[in-house]
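Quick look at target33.cif (mmCIF, C-alpha atoms):
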```cif
data_start
#
loop_
_atom_site.label_atom_id
_atom_site.label_comp_id
_atom_site.auth_asym_id
_atom_site.auth_seq_id
_atom_site.Cartn_x
_atom_site.Cartn_y
_atom_site.Cartn_z
CA MET A 1 34.30 2.40 22.14
CA ALA A 2 31.42 2.05 24.53
CA LYS A 3 28.19 0.64 23.28
CA THR A 4 25.37 3.05 23.98
CA TYR A 5 22.37 0.96 22.95
CA THR A 6 22.90 -2.45 24.44
CA PRO A 7 20.48 -5.37 24.50
CA ILE A 8 20.06 -6.41 28.11
CA ALA A 9 17.61 -9.23 27.54
CA THR A 10 15.33 -10.45 24.80
CA THR A 11 12.46 -12.90 24.85
CA THR A 12 10.65 -14.46 21.92
CA LEU A 13 7.82 -16.58 23.23
CA THR A 14 7.91 -20.16 22.01
CA SER A 15 4.59 -20.87 23.69
CA ALA A 16 1.75 -18.78 25.05
CA ALA A 17 2.55 -16.92 28.26
CA ALA A 18 0.60 -14.60 30.53
CA SER A 19 3.53 -12.31 31.26
CA VAL A 20 7.18 -11.61 30.59
CA THR A 21 9.51 -10.42 33.34
CA PHE A 22 12.92 -8.78 33.12
CA SER A 23 14.57 -9.05 36.52
CA SER A 24 17.92 -8.18 38.07
CA ILE A 25 18.24 -5.27 35.65
CA SER A 26 21.61 -3.62 36.02
CA GLY A 27 21.59 -0.03 37.24
CA ALA A 28 24.61 0.79 35.13
CA TYR A 29 22.72 2.44 32.29
CA THR A 30 21.24 5.90 32.05
CA ASP A 31 17.92 4.97 30.45
CA LEU A 32 16.09 1.85 29.39
CA ALA A 33 14.23 1.18 26.14
CA LEU A 34 11.74 -1.64 25.84
CA VAL A 35 10.47 -2.81 22.43
CA ILE A 36 7.42 -5.08 22.40
CA THR A 37 5.71 -6.68 19.39
CA PRO A 38 2.95 -8.83 20.84
CA THR A 39 0.02 -10.76 19.48
CA ILE A 40 -2.72 -12.42 21.50
CA PRO A 41 -4.93 -15.43 20.70
CA THR A 42 -8.22 -13.56 20.60
CA GLY A 43 -9.84 -10.26 21.46
CA ALA A 44 -8.10 -6.97 22.16
CA TYR A 45 -6.51 -6.16 25.51
CA ASP A 46 -4.25 -3.43 26.74
CA LEU A 47 -0.63 -3.94 27.62
CA LEU A 48 0.05 -3.50 31.31
CA MET A 49 3.51 -2.82 32.71
CA ARG A 50 4.52 -3.03 36.34
CA VAL A 51 7.94 -2.10 37.63
CA GLY A 52 9.67 -2.29 40.97
CA ASN A 53 12.76 -2.95 43.00
CA SER A 54 13.24 -6.67 43.58
CA THR A 55 9.47 -7.18 43.41
CA VAL A 56 7.02 -5.52 41.06
CA ASP A 57 4.78 -2.88 42.55
CA SER A 58 1.09 -3.74 42.30
CA GLY A 59 0.01 -0.74 44.33
CA THR A 60 -1.95 2.16 42.93
CA ASN A 61 1.18 4.13 42.12
CA TYR A 62 0.84 4.44 38.35
CA SER A 63 -0.69 7.12 36.18
CA VAL A 64 -0.75 7.85 32.45
CA THR A 65 -1.88 10.58 30.10
CA ARG A 66 -2.54 9.57 26.52
CA LEU A 67 -2.85 11.35 23.18
CA SER A 68 -4.50 8.98 20.73
CA GLY A 69 -5.67 8.83 17.13
CA THR A 70 -8.16 6.24 15.91
CA GLY A 71 -7.93 6.96 12.22
CA SER A 72 -10.99 9.18 12.40
CA ALA A 73 -10.71 11.11 15.66
CA ALA A 74 -8.13 12.41 18.08
CA ASN A 75 -8.57 12.32 21.81
CA SER A 76 -6.75 12.46 25.09
CA THR A 77 -7.47 10.35 28.15
CA ARG A 78 -5.99 9.68 31.56
CA SER A 79 -5.74 6.93 34.12
CA THR A 80 -4.66 7.82 37.64
CA SER A 81 -3.86 5.83 40.76
CA ALA A 82 -3.85 2.66 38.70
CA SER A 83 -2.30 -0.60 39.84
CA GLY A 84 -0.25 -0.85 36.66
CA MET A 85 0.96 1.26 33.74
CA PHE A 86 -1.47 1.02 30.85
CA CYS A 87 0.81 1.12 27.80
CA THR A 88 -1.90 0.99 25.13
CA TYR A 89 -5.33 2.40 24.51
CA TYR A 90 -5.91 1.98 20.77
CA GLY A 91 -2.47 0.62 19.94
CA TYR A 92 -3.28 -2.68 21.64
CA PRO A 93 -2.27 -6.14 20.45
CA THR A 94 -4.71 -8.34 18.57
CA SER A 95 -4.63 -11.83 17.14
CA THR A 96 -3.96 -10.95 13.54
CA ASN A 97 -1.47 -8.11 13.32
CA PRO A 98 1.53 -7.55 15.56
CA SER A 99 1.30 -4.20 17.27
CA ILE A 100 4.42 -2.33 18.31
CA THR A 101 4.95 -0.63 21.63
CA THR A 102 8.14 1.18 22.55
CA ILE A 103 8.73 2.34 26.12
CA ASN A 104 11.52 4.68 27.17
CA LEU A 105 12.21 4.68 30.90
CA MET A 106 14.30 7.69 31.77
CA ASN A 107 16.69 7.81 34.70
CA TYR A 108 15.32 4.48 35.86
CA ALA A 109 18.04 3.88 38.46
CA SER A 110 17.47 7.15 40.32
CA THR A 111 16.75 6.81 44.02
CA THR A 112 15.58 10.38 44.43
CA THR A 113 12.96 10.91 41.74
CA TYR A 114 9.69 9.37 40.59
CA LYS A 115 10.09 7.61 37.24
CA THR A 116 8.69 9.06 34.03
CA MET A 117 8.19 7.01 30.89
CA LEU A 118 7.45 7.84 27.27
CA ILE A 119 5.40 5.23 25.48
CA ARG A 120 4.45 4.89 21.80
CA SER A 121 1.92 2.27 20.86
CA ASN A 122 0.71 1.40 17.40
CA ASN A 123 -1.92 -0.83 15.86
CA ALA A 124 -2.54 0.12 12.24
CA SER A 125 -6.02 -1.43 12.45
CA ALA A 126 -7.09 0.47 15.55
CA GLY A 127 -4.99 3.51 16.32
CA THR A 128 -1.79 5.13 17.44
CA GLU A 129 -0.84 7.01 20.56
CA ALA A 130 1.79 8.68 22.65
CA ILE A 131 1.59 8.14 26.39
CA VAL A 132 3.42 9.67 29.27
CA GLY A 133 3.54 7.46 32.33
CA LEU A 134 4.56 8.01 35.92
CA TRP A 135 5.53 5.52 38.61
CA ARG A 136 5.32 7.28 41.94
CA SER A 137 8.33 5.75 43.65
CA THR A 138 11.88 6.84 44.31
CA ALA A 139 13.12 3.25 44.23
CA ALA A 140 15.46 2.26 41.44
CA ILE A 141 13.79 0.06 38.85
CA ASN A 142 15.41 -3.35 38.54
CA ILE A 143 12.42 -5.47 37.59
CA ILE A 144 9.80 -5.03 34.86
CA THR A 145 6.81 -7.23 34.13
CA ILE A 146 4.67 -6.97 31.01
CA SER A 147 1.23 -8.56 30.96
CA LEU A 148 -2.27 -7.91 29.66
CA ASP A 149 -5.13 -6.28 31.52
CA ALA A 150 -7.12 -9.48 31.40
CA SER A 151 -6.51 -13.11 32.19
CA THR A 152 -5.23 -14.01 28.77
CA ASN A 153 -1.92 -14.92 27.26
CA PHE A 154 0.49 -13.47 24.78
CA SER A 155 0.80 -15.68 21.72
CA SER A 156 3.84 -17.62 20.72
CA GLY A 157 6.12 -15.46 18.60
CA SER A 158 5.55 -12.29 20.62
CA THR A 159 8.85 -10.49 21.19
CA PHE A 160 10.09 -8.42 24.12
CA THR A 161 13.52 -6.77 24.10
CA LEU A 162 15.04 -4.57 26.78
CA TYR A 163 17.90 -2.22 25.87
CA GLY A 164 20.17 -0.16 28.07
CA ILE A 165 21.21 3.30 26.93
CA LEU A 166 24.36 4.95 28.20
CA LYS A 167 24.73 8.71 28.04
CA ALA A 168 28.44 8.34 27.36
CA MET B 1 32.82 -5.82 20.15
CA ALA B 2 29.65 -5.97 18.12
CA TYR B 3 27.67 -2.82 17.65
CA THR B 4 23.99 -3.21 18.37
CA TYR B 5 22.79 0.01 16.75
CA SER B 6 24.66 0.07 13.48
CA LYS B 7 24.47 2.26 10.43
CA ILE B 8 23.55 0.21 7.38
CA ALA B 9 23.44 2.93 4.76
CA THR B 10 23.01 6.66 4.35
CA TYR B 11 21.96 8.89 1.47
CA THR B 12 21.89 12.64 1.03
CA VAL B 13 19.97 14.18 -1.85
CA GLY B 14 22.02 16.15 -4.33
CA SER B 15 21.30 19.09 -6.58
CA GLY B 16 18.00 18.93 -8.43
CA GLY B 17 16.29 16.68 -5.93
CA ILE B 18 14.87 13.20 -6.38
CA LEU B 19 11.46 11.61 -6.75
CA SER B 20 12.45 8.46 -4.90
CA MET B 21 15.32 6.63 -3.27
CA ALA B 22 15.79 3.10 -2.07
CA PHE B 23 17.80 1.08 0.38
CA LEU B 24 18.41 -2.21 -1.43
CA SER B 25 19.78 -5.54 -0.25
CA ILE B 26 19.15 -4.75 3.41
CA PRO B 27 21.10 -7.26 5.52
CA GLN B 28 18.89 -9.83 7.21
CA THR B 29 21.13 -10.06 10.25
CA TYR B 30 19.52 -7.46 12.48
CA THR B 31 16.44 -7.65 14.66
CA ASP B 32 14.89 -4.25 13.98
CA LEU B 33 15.41 -1.38 11.54
CA VAL B 34 15.41 2.34 12.25
CA LEU B 35 15.10 4.89 9.46
CA LYS B 36 15.97 8.51 10.24
CA ILE B 37 14.83 11.12 7.74
CA SER B 38 15.49 14.83 7.45
CA ALA B 39 13.67 16.05 4.36
CA LYS B 40 11.55 18.63 2.62
CA SER B 41 9.40 18.63 -0.48
CA ASP B 42 9.66 20.98 -3.44
CA ARG B 43 5.91 21.54 -3.30
CA PRO B 44 5.46 25.32 -3.12
CA ASN B 45 3.82 26.61 0.03
CA GLU B 46 2.20 23.27 0.83
CA TYR B 47 2.98 20.18 2.82
CA GLN B 48 3.64 16.90 1.06
CA SER B 49 3.72 13.27 2.14
CA LEU B 50 6.38 10.60 1.69
CA VAL B 51 5.43 7.02 0.87
CA ILE B 52 7.42 4.04 2.15
CA ARG B 53 7.28 0.86 0.10
CA PRO B 54 8.81 -2.26 1.64
CA ASN B 55 10.19 -4.48 -1.12
CA ASN B 56 8.79 -1.85 -3.53
CA ASP B 57 5.31 -3.25 -2.88
CA THR B 58 2.71 -0.79 -4.15
CA ALA B 59 -0.09 -2.44 -2.15
CA ASN B 60 -0.64 -3.97 1.29
CA GLY B 61 0.06 -0.84 3.31
CA THR B 62 -2.25 0.83 5.84
CA THR B 63 -1.71 3.77 8.14
CA ARG B 64 -3.44 5.56 10.98
CA THR B 65 -2.08 8.95 11.84
CA LEU B 66 -2.61 11.31 14.74
CA GLU B 67 -1.64 14.84 13.86
CA GLY B 68 -1.53 18.22 15.50
CA ASN B 69 -1.12 21.45 13.58
CA GLY B 70 -0.76 23.98 16.35
CA SER B 71 -4.45 24.64 16.73
CA ALA B 72 -6.22 21.28 16.49
CA ALA B 73 -5.63 17.54 16.65
CA SER B 74 -7.11 15.07 14.19
CA SER B 75 -6.67 11.52 12.97
CA ASP B 76 -7.00 9.83 9.59
CA THR B 77 -6.47 6.57 7.78
CA THR B 78 -4.68 5.95 4.50
CA ALA B 79 -4.08 2.89 2.35
CA SER B 80 -0.32 3.11 2.20
CA ILE B 81 2.64 3.48 4.54
CA LEU B 82 2.78 7.21 4.75
CA ILE B 83 4.73 9.98 6.44
CA GLN B 84 2.33 12.88 6.29
CA ASN B 85 2.80 16.63 6.16
CA LEU B 86 6.43 16.83 5.25
CA GLN B 87 7.71 20.38 5.14
CA GLY B 88 7.15 22.00 1.73
CA ASN B 89 9.12 24.60 -0.17
CA VAL B 90 8.36 27.96 1.38
CA ALA B 91 10.59 30.84 0.34
CA THR B 92 10.82 32.24 3.84
CA GLN B 93 11.63 28.81 5.29
CA ALA B 94 14.54 27.82 3.11
CA ASN B 95 16.41 26.12 5.90
CA VAL B 96 13.46 24.30 7.43
CA PHE B 97 13.35 20.52 7.02
CA GLY B 98 11.00 17.98 8.59
CA SER B 99 12.32 15.11 10.69
CA ALA B 100 10.99 11.58 10.86
CA ASP B 101 11.90 8.51 12.88
CA VAL B 102 10.65 5.17 11.53
CA TYR B 103 10.94 2.05 13.70
CA ILE B 104 10.40 -1.35 12.07
CA PRO B 105 10.64 -4.30 14.47
CA ASN B 106 11.16 -7.88 13.37
CA TYR B 107 11.61 -6.94 9.74
CA THR B 108 12.73 -10.45 8.77
CA SER B 109 9.84 -12.27 10.46
CA ALA B 110 7.10 -14.22 8.73
CA ASN B 111 4.44 -12.05 10.37
CA TYR B 112 2.96 -8.85 9.00
CA LYS B 113 5.28 -5.89 9.68
CA SER B 114 4.33 -3.01 11.97
CA PHE B 115 5.82 0.46 11.64
CA SER B 116 5.98 3.14 14.33
CA ILE B 117 6.61 6.58 12.85
CA ASP B 118 7.13 9.92 14.57
CA LYS B 119 7.35 13.00 12.34
CA VAL B 120 7.82 16.59 13.36
CA GLY B 121 8.08 19.85 11.52
CA GLU B 122 8.42 23.28 13.04
CA ASN B 123 8.78 26.43 10.99
CA ASN B 124 8.00 29.38 13.23
CA ALA B 125 4.99 30.12 11.02
CA THR B 126 1.23 29.86 11.36
CA THR B 127 0.90 26.12 10.82
CA ALA B 128 3.28 23.26 11.45
CA TYR B 129 2.54 19.59 11.88
CA ALA B 130 3.53 16.89 14.33
CA ASP B 131 2.42 13.40 13.38
CA LEU B 132 2.32 10.06 15.20
CA THR B 133 1.75 7.14 12.89
CA ALA B 134 0.96 3.43 13.08
CA SER B 135 1.49 1.57 9.83
CA LEU B 136 1.22 -2.04 8.78
CA TRP B 137 2.65 -3.85 5.80
CA SER B 138 0.39 -6.88 5.34
CA SER B 139 3.03 -9.20 3.99
CA THR B 140 4.82 -12.15 5.49
CA ALA B 141 7.90 -11.58 3.35
CA ALA B 142 11.08 -10.37 4.97
CA ILE B 143 11.85 -6.75 4.21
CA THR B 144 14.85 -6.67 1.90
CA SER B 145 14.45 -3.14 0.57
CA LEU B 146 12.81 0.13 1.50
CA THR B 147 11.80 2.58 -1.20
CA ILE B 148 10.85 6.14 -0.24
CA ILE B 149 8.85 8.09 -2.79
CA THR B 150 7.50 11.60 -2.85
CA GLY B 151 3.73 11.49 -2.37
CA ASN B 152 3.23 13.58 -5.51
CA LEU B 153 5.55 12.96 -8.43
CA SER B 154 5.26 16.61 -9.45
CA TYR B 155 7.20 17.60 -6.36
CA PRO B 156 10.67 16.14 -5.75
CA ILE B 157 12.36 15.62 -2.45
CA MET B 158 14.75 18.54 -2.22
CA GLN B 159 18.52 18.79 -2.07
CA TYR B 160 20.12 18.24 1.34
CA SER B 161 17.38 15.88 2.44
CA SER B 162 18.98 12.88 4.12
CA PHE B 163 18.03 9.28 4.83
CA HIS B 164 19.89 7.07 7.30
CA LEU B 165 19.11 3.40 7.84
CA TYR B 166 20.24 1.66 11.02
CA GLY B 167 20.05 -1.94 12.16
CA ILE B 168 19.45 -2.94 15.77
CA LYS B 169 20.58 -6.33 16.92
CA ALA B 170 18.87 -7.75 20.00
CA GLU B 171 21.35 -10.52 20.63
CA VAL B 172 22.42 -10.53 24.26
#
```
Would you write the structure of this file as structure tokens?
Amino acid sequence: MAKTYTPIATTTLTSAAASVTFSSISGAYTDLALVITPTIPTGAYDLLMRVGNSTVDSGTNYSVTRLSGTGSAANSTRSTSASGMFCTYYGYPTSTNPSITTINLMNYASTTTYKTMLIRSNNASAGTEAIVGLWRSTAAINIITISLDASTNFSSGSTFTLYGILKA
Amino acid sequence: MAYTYSKIATYTVGSGGILSMAFLSIPQTYTDLVLKISAKSDRPNEYQSLVIRPNNDTANGTTRTLEGNGSAASSDTTASILIQNLQGNVATQANVFGSADVYIPNYTSANYKSFSIDKVGENNATTAYADLTASLWSSTAAITSLTIITGNLSYPIMQYSSFHLYGIKAEV
């Protein structure tokens, strides 16, 4: 029986790191799912994802639309022509509580379509949100880098797991 | 070949309904847990919440929810791990159940535990709720059980509601 939800790679940081990269991702799956539970030493910064083919794309080819709840208000915001995919807005990581971000990358190996992503980010002390993201490229995704939108590190113990999903 | 998205346990509510159910002795061998719920409350003509208690802990839970009801969006905070606005018992909606997906990463870790919850309910009526939820259990204990309780003990969880617990193993 085929496995349909297969761990491709997993990283648990044993020391602080500025980014985590999954490279040489097989194109054999239908979709990808990325589960991230980060903490950071101090402050509050958004998760930033960049994807690409062989090298990550740092061009202004990313856009997101968010629907967020803060615990007292609901709102919707957008970022367009950004140089990375902002995966959090209120569901960002902090030093005390692990947040959880799940990212579903649909049809990631397509060479004919732009790539759409569904993102859920959660921080029970700050807010929750659903985000739709777009990478404006027809290249197949085989590399993903996760970082923060500031020059700071993820803390030791942060986890990053990439799964492959087969449609059959 | 090991399965990486494995069913741990499943429960379907029988005749008469229940006020609570629990998954006990959850194996500590997975990386993450996923709880799938299809349920409705016996509360007449109203919506009702479900409470999740890790290790049957009655404290240490917080939740922020974003909800839409078909005409407006709002957000609130509660002091428990909560699935809000579960479908209630409406005579004209006998076959309508709400659905919830609960993701719990790193449930055996020594950190506090985050929950990501998506809940939907559609009933082809005037008001229906979709909820996105961030919850936190402020405990460093590993989760060994999950208890799900109706948010109001006057209103059971109805027959045919179902609860399925899965384990995800991230070993490559």
Please write as a ChimeraX atom specification the full residue list that the PyMOL selection byres ((chain B) within 8 of (chain A)) yields on this file.
/B:3-5,62-67,73-77,105,111-116,132-136,169-172
Using only C-alpha atoms, can you list as number ranges by chain the residues within 12 Å of (17.3, 9.1, 36.5)?
A: 27-32, 104-117, 137-141, 165-167
Within 10 Å of (7.7, -22.0, 24.6), all atoms listed in the file: residues as a PyMOL selection string?
chain A and resi 12-17+155-157
Quick one: everything within 7 Å of Val51 of chain A, counting all atoms listed in the file, minus sequence neighbours fewer than 2 positions away in the same chain. Send it as an MDAnalysis selection string.
chainID A and resid 49 56:57 141 143:145
For Tyr30 of chain B, the nearest of the candidates B:Arg43, B:Thr108, B:Asn123, B:Tyr129, counting all atoms listed in the file:
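Counting all atoms listed in the file, the residue closest to Tyr30 of chain B is B:Thr108.
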Output of the PyMOL selection byres ((chain B and resi 103) around 7), listed as number ranges by chain:
B: 33-35, 101-102, 104-105, 115-117
Could you jot down the atom CA of Ser19 of chain A to atom CA of Thr77 of chain A separation for me, Å, one decimal place?
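Taking atom CA of Ser19 of chain A and atom CA of Thr77 of chain A, their separation equals 25.4 Å.
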Atom CA of Val20 of chain A to atom CA of Thr140 of chain B: how many Å, to one decimal?
25.2 Å
Evaluate the PyMOL selection byres ((chain B and resi 6-13) around 12) against this structure - the residues, as a VMD selection string, please.
(chain A and resid 3 to 6) or (chain B and resid 2 to 5 14 to 41 145 to 146 148 156 to 170)
Using only C-alpha atoms, determine which residues lie at most 10 Å from Ser81 of chain A, disregarding the query and same-chain residues fewer than 2 positions distant; provide the list as a list of chain:residue names.
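Skipping anything fewer than 2 positions along the chain leaves A:Gly59, A:Thr60, A:Asn61, A:Tyr62, A:Ser63, A:Val64, A:Ser79, A:Ser83, A:Gly84, A:Met85, A:Leu134, A:Trp135, A:Arg136.
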As a PyMOL selection string, please: the residues near Pro41 of chain A (cut-off 8 Å, only C-alpha atoms, same-chain neighbours under 6 positions excluded).
chain A and resi 94-95+153-155
What is the atom CA of Ala18 of chain A-atom CA of Trp137 of chain B distance in Å, reported with one decimal?
27.0 Å
Just want the 8 Å neighbourhood of Leu50 of chain B, counted on only C-alpha atoms, with same-chain residues fewer than 2 positions away dropped. Output as a list in words.
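Counting only C-alpha atoms, the residues come to Gln48, Ile52, Leu82, Ile83, Gln84, Leu86, Ile148, Ile149, Thr150 and Gly151 of chain B.
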Write a file of the selected residues as an mmCIF file, in the coordinates of the input, keeping C-alpha atoms.
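Result went into out-v1.cif, see below:
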```
data_model
loop_
_atom_site.group_PDB
_atom_site.id
_atom_site.type_symbol
_atom_site.label_atom_id
_atom_site.label_comp_id
_atom_site.auth_asym_id
_atom_site.auth_seq_id
_atom_site.Cartn_x
_atom_site.Cartn_y
_atom_site.Cartn_z
ATOM 1 C CA GLN B 48 3.640 16.900 1.060
ATOM 2 C CA ILE B 52 7.420 4.040 2.150
ATOM 3 C CA LEU B 82 2.780 7.210 4.750
ATOM 4 C CA ILE B 83 4.730 9.980 6.440
ATOM 5 C CA GLN B 84 2.330 12.880 6.290
ATOM 6 C CA LEU B 86 6.430 16.830 5.250
ATOM 7 C CA ILE B 148 10.850 6.140 -0.240
ATOM 8 C CA ILE B 149 8.850 8.090 -2.790
ATOM 9 C CA THR B 150 7.500 11.600 -2.850
ATOM 10 C CA GLY B 151 3.730 11.490 -2.370
#
```
